[in-house]
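Single-structure report; data block below.
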Amino acid sequence: MTDTSTATRILLDSRPVGWPTPENFRIEEVALPELEAGQVRVRNEFLSVDPYMRGRMSDARSYVAPYALGAQITGGAIGRVVASRVDGMPEGSVVLHQHGWSDVVQGDAATFRIVPDIPGLPLSVRLHVLGMTGMTAYVGLTRIAALREGETVFISGAAGAVGTAAGQIARHLGAGRVIGSAGTPEKVALLTQKYGYDAGFDYHDGDVRELLAQAAPEGIDVFFDNVGGDHLQAALASFRDGGRAALCGAISSYNTTDRAAGPDNMANLITRGLTLRGFTLGDHLDLSAEFQQRMTGWFEDGGIVYDETIVDGIENTVQAFLDMMRGGNIGKMLVRI
Ligand code: NDP
């Protein structure tokens, strides 16, 4: 039995400017206090490293508060209860929570949510395809972009956690043609071979506007954007009349210190009657039950696949985060404890 009286955790030590470095973080081991009534102690099995965390490392206004300096990095994680002082959350329960980058966490039971084991699937899927990133893809395509059957969809960041889910969901929703962009030839090959995309391109291979025009000669109806910058500009050039974009992320600018230049073709919004709509998942949690029901159904029909890029050890969490930000992942980047 692993000792859970201490926790090894990652703290933010200084605020990164531009690309974070390992020096912006600190790892420490702490003795955990006695468990109080109403609390549980959880040994994490998987930690999530996510692009939005980069925003929280800066002291800037956003939809979630910045991480405090000297405080532990919080975020999605899943593990098992190893000690409990609350009814209804016994030892052995699998729980999802936001306590983040630590091998052992404890707190009020209300901050943990029991999730049923899914036979044949690892717990980690609750952190991506059947969790936050899968639901982000679902919300973006259904509520935000209102994808209709037969339409042509372009998804940027297509080989990552959100993107691999988005391609498959678009297919299930009846998209006519699904196009994705990613950062390596290996990722592009996976898009069409595994993830239901009809076409893909490596955005390093030339001007994104031209690459998209070649992949979608008749234009696009829906754009699901994880990248921003040159990808958004390319989509604006390719949109057919009445096109809609779900602006999910803009990772191309998360680590830049320059002010990102805007697209030079915003006038297409007017002349083509386009709609660009940004969203964050937290504002759409009313769709949780619908998402779980439909996604689980597609899963059970064998209609959903996923990849995980797994890094072992709490001590490698920062490196996993940095590798993910640089494209070192296929599908979801996770830390296994
Ligand atoms: P991913 O698994 O997609 O990992 C990030 C990927 O971004 C990398 O693998 C890399 O892939 C790509 N990338 C990095 N830099 C660039 C660049 N300059 N240009 C193009 N691609 C780049 O992460 P997630 O699936 O977790 O997140 C994807 C996006 O969705 C992010 O923008 C994130 O902020 C956003 N998001 C938004 C949510 C919301 O509620 N709105 C919720 C969850 C995520 P490659 O090799 O292809 O370059």
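Residues are named by chain letter and number: chains run A, B, ... in the order of the structure tokens, numbers start at 1 in each chain, and ligands are numbered from 1 in the order shown.
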Select the residues contacting ligand 1 at a distance of at most 6 Å, based on only C-alpha atoms and all ligand atoms, then format the selection as a PyMOL selection string. chain A and resi 50-52+133+136+157+159-163+182-184+226-227+248-252+279-281+324-329+331-332
Using backbone DSSP assignments, extract all alpha helix (DSSP H) residues from segment 36-195 of chain A; output them as a PyMOL selection string. chain A and resi 52-57+132-139+161-172+185-193
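Using only C-alpha atoms, the nearest neighbour of Ile179 of chain A within the list A:Pro217, A:Asn44, A:Ala145, A:Gly206 is A:Pro217.
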Near segment 264-277 of chain A, 8 Å: segment 152-253 of chain A residue rows, closest pairs, only C-alpha atoms, as JSON lines:
{"residue": "A:Gln233", "atom": "CA", "partner": "A:Asn265", "partner_atom": "CA", "distance": 6.8}
{"residue": "A:Leu236", "atom": "CA", "partner": "A:Asn268", "partner_atom": "CA", "distance": 6.5}
{"residue": "A:Ala237", "atom": "CA", "partner": "A:Asn265", "partner_atom": "CA", "distance": 7.0}
{"residue": "A:Phe239", "atom": "CA", "partner": "A:Arg272", "partner_atom": "CA", "distance": 7.7}
{"residue": "A:Arg240", "atom": "CA", "partner": "A:Arg272", "partner_atom": "CA", "distance": 6.8}
{"residue": "A:Asp241", "atom": "CA", "partner": "A:Arg272", "partner_atom": "CA", "distance": 4.4}
{"residue": "A:Gly242", "atom": "CA", "partner": "A:Gly273", "partner_atom": "CA", "distance": 5.0}
{"residue": "A:Gly243", "atom": "CA", "partner": "A:Leu274", "partner_atom": "CA", "distance": 5.0}
{"residue": "A:Arg244", "atom": "CA", "partner": "A:Thr275", "partner_atom": "CA", "distance": 4.8}
{"residue": "A:Ala245", "atom": "CA", "partner": "A:Leu276", "partner_atom": "CA", "distance": 4.7}
{"residue": "A:Ala246", "atom": "CA", "partner": "A:Arg277", "partner_atom": "CA", "distance": 5.3}
{"residue": "A:Leu247", "atom": "CA", "partner": "A:Arg277", "partner_atom": "CA", "distance": 5.8}
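Excluding Tyr195 of chain A itself and any same-chain residue fewer than 2 positions from it, the protein and nucleic acid residues within 9 Å of it, counting only C-alpha atoms, are Ala159, Thr164, Ala165, Gly167, Gln168, Leu190, Leu191, Thr192, Gln193, Tyr197, Ile304, Val305 and Tyr306 of chain A.
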Excluding segment 21-26 of chain A and residues on its chain fewer than 6 positions from it, collect all residues at most 8 Å away from it, counting only C-alpha atoms, and give them as an MDAnalysis selection string. chainID A and resid 10:15 318:319 322
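The smallest atom-to-atom distance between Thr309 of chain A and any of A:Val94, A:Ala83, A:Ser48, A:Val42, using only C-alpha atoms, is found for A:Ser48.
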Rank nothing, just name the residue among A:His204, A:Arg143, A:Arg336, A:Arg126 nearest to His284 of chain A, using only C-alpha atoms. A:Arg143
Test item, strand (DSSP E) assignment across segment 148-323 of chain A, answer as number ranges by chain: A: 152-155, 177-182, 199-202, 220-225, 239-247, 275-278, 308-312
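Using only C-alpha atoms, the smallest distance between any of A:Pro116, A:Gly313, A:Gly229, A:Gly278 and Tyr254 of chain A comes from A:Gly229.
For Tyr67 of chain A, the non-local neighbours within 10 Å, defined as residues at least 6 positions apart in the same chain or in other chains and counting only C-alpha atoms, are Leu11, Leu12, Arg15, Met53, Arg54, Gly55, Arg56, Met57, Ser58, Asp59, Ile73 and Thr74 of chain A.
Taking only C-alpha atoms into account, Asp283 of chain A lies nearest to A:Gly140 out of the set A:Ile314, A:Gly262, A:Ala158, A:Gly140.
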Report as a list in words all protein, DNA and RNA residues lying within 9 Å of Ile169 of chain A, evaluated on only C-alpha atoms, omitting residues in the same chain fewer than 5 positions from it. Gly134, Ala137, Tyr138, Leu141, Thr164, Gly174, Ala175, Met295, Trp298 and Ile304 of chain A
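With only C-alpha atoms as the atoms that count, the residue of A:Asp87, A:Ala60, A:His99, A:Gly79 with the shortest distance to Pro16 of chain A is A:Ala60.
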